[in-house]
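Visitor: Structure below; questions to follow.
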Amino acid sequence: MSTQYTNYIDEHVTNVKQAYDWMEKNLPNIISKAKQSACDEGLQLDRIITEHDISKWSNEEYYAYDEYFYGNNKSYKCIDDFNKAWLHHIHNNPHHWQHWVLINDEEKEGTIVLDMPTYHIIEMICDWWSFSWKTGDLYEIFNWYEKRKDYIQLSESTRKIVEDILTKIRDILESEENSQNDFKK
């Protein structure tokens with residue numbers, strides 16, 4: 001186990017929690033509905049957030065991720081192991097949009113993008129936003145999403161929810177920034 005990768009996981013989960021706490025405080029109606037939706041399925045959103053990326057500690061993921069990101073050798077085996085670990089990760093963590101892309105056996109059935117439950121959408125946004133919390137630039141998520149939105153496969157319903165939440169986050173951040181600027185005058 002590498003200290004660097006262990007520290008990365010701990011910091012990432014902390015930043016996901018910070019993003020979630022911000023959303024819980026500033027978007028209480030959205031979080032309340034997501035909590036109820038999770039509860040209806042026998043889940044707890046707070047626990048989902050607390051256990052974010054827990055599979056990264058598993059044997060299927062930890063060593064491959066550690067070697068890929070912090071090792072010195074990007075051999076074929078290293079890359080192959082990482083790809084298998086990433087596949088394990090998205091199959092075991094439904095907060096990743098890739099988890100909801102169904103590639104059918106029959107060509108005529110094609111690929112179907114399923115709707116994500118709101119509580120997984122919340123965790124996904126917190127996951128994306130965690131990197132903004134790391135850098136201290138809470139607006140970074142909007143550029144990140146804008147650059148990738150045409151590639152990210154989301155159902156129409158899921159995309160609308162994601163973009164509505166991102167718009168609300170931006171509006172609140174801008175409102176807070178304007179309030180601080182008015183206070184300084």
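Every chain in the structure tokens takes a letter, A first, then B, and so on in the order presented; its residues are numbered from 1, and the ligands are numbered from 1 following the presented order.
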Would you mind listing, for every residue of stretch 65-181 of chain A within 12 Å of stretch 15-39 of chain A, the two atoms forming the shortest contact and the distance between them in Å to one decimal, using only C-alpha atoms, sorted by chain and ascending residue number, as a tab-separated table?

Guide:
residue	atom	partner	partner_atom	distance
A:His95	CA	A:Val16	CA	11.9
A:Met116	CA	A:Ala34	CA	11.5
A:Pro117	CA	A:Ser37	CA	7.7
A:Thr118	CA	A:Ala34	CA	5.4
A:Tyr119	CA	A:Ala34	CA	4.8
A:His120	CA	A:Ala34	CA	8.5
A:Ile121	CA	A:Ala34	CA	8.9
A:Ile122	CA	A:Ala34	CA	7.6
A:Glu123	CA	A:Tyr20	CA	7.7
A:Met124	CA	A:Val16	CA	9.2
A:Ile125	CA	A:Ala19	CA	8.4
A:Cys126	CA	A:Val16	CA	5.1
A:Asp127	CA	A:Val16	CA	5.5
A:Trp128	CA	A:Val16	CA	8.2
A:Trp129	CA	A:Ala19	CA	6.5
A:Ser130	CA	A:Asn15	CA	4.7
A:Phe131	CA	A:Asn15	CA	7.4
A:Ser132	CA	A:Asn15	CA	8.6
A:Trp133	CA	A:Asn15	CA	5.9
A:Lys134	CA	A:Asn15	CA	6.6
A:Thr135	CA	A:Asn15	CA	10.2
A:Gly136	CA	A:Asn15	CA	10.4
A:Leu138	CA	A:Ala19	CA	9.4
A:Ile141	CA	A:Ala19	CA	11.2
A:Ile161	CA	A:Ile30	CA	10.0
A:Val162	CA	A:Ile30	CA	11.3
A:Asp164	CA	A:Ile30	CA	10.4
A:Ile165	CA	A:Ile30	CA	8.3
A:Leu166	CA	A:Met23	CA	10.6
A:Thr167	CA	A:Leu27	CA	11.5
A:Lys168	CA	A:Leu27	CA	8.0
A:Ile169	CA	A:Met23	CA	7.9
A:Arg170	CA	A:Asn26	CA	11.2
A:Asp171	CA	A:Asn26	CA	10.7
A:Ile172	CA	A:Asn26	CA	7.6
A:Leu173	CA	A:Asn26	CA	9.7
A:Ser175	CA	A:Asn26	CA	11.5
A:Glu176	CA	A:Asn26	CA	10.8

Visitor: Enumerate as a PyMOL selection string all residues of chain A assigned to strand (DSSP E) by DSSP on the backbone, naming them with the chain letters and numbers the document uses.

Guide: chain A and resi 101-103+111-113

Visitor: Emit the selected residues as a PDB file, in the first residue's frame, including C-alpha atoms.

Guide:
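Writing the result to selection_18.pdb gives the following:
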ATOM      1  CA  VAL A 101     -24.998   2.570 -19.998  1.00  0.00           C
ATOM      2  CA  LEU A 102     -26.383  -0.756 -21.162  1.00  0.00           C
ATOM      3  CA  ILE A 103     -24.590  -2.304 -24.117  1.00  0.00           C
ATOM      4  CA  THR A 111     -26.895   0.874 -26.435  1.00  0.00           C
ATOM      5  CA  ILE A 112     -29.448   2.164 -23.964  1.00  0.00           C
ATOM      6  CA  VAL A 113     -28.718   4.869 -21.413  1.00  0.00           C
TER       7      VAL A 113
END

Visitor: So which one's closest to A:Asn59, A:His91, A:His99, A:Arg47, A:Lys84? Using only C-alpha atoms, please.

Guide: A:Lys84

Visitor: When you draw a straight line from atom CA of A:His12 to atom CA of A:Glu41, how long is it in Å?

Guide: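 Interatomic distance, atom CA of A:His12 to atom CA of A:Glu41: 26.4 Å.
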
Visitor: Which polymer residues have any atom within 12 Å of an atom of A:Asp10, counting only C-alpha atoms, with same-chain residues fewer than 3 positions away left out, as JSON, numbers by chain?

Guide: {"A": [3, 4, 5, 6, 7, 13, 14, 15, 16, 17, 50, 51, 52, 53, 54, 56, 57, 130, 134]}

Visitor: List every residue of chain A that DSSP, applied to the backbone, labels as helix (DSSP H, G or I), and write the result as a PyMOL selection string.

Guide: chain A and resi 3-26+28-40+45-50+54-57+62-70+76-92+97-100+107-109+118-135+140-148+156-184

Visitor: So what do you get for atom CA of A:Asn73 versus atom CA of A:Ala85, distance-wise?

Guide: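 Taking atom CA of A:Asn73 as the start and atom CA of A:Ala85 as the end point, the length is 16.7 Å.
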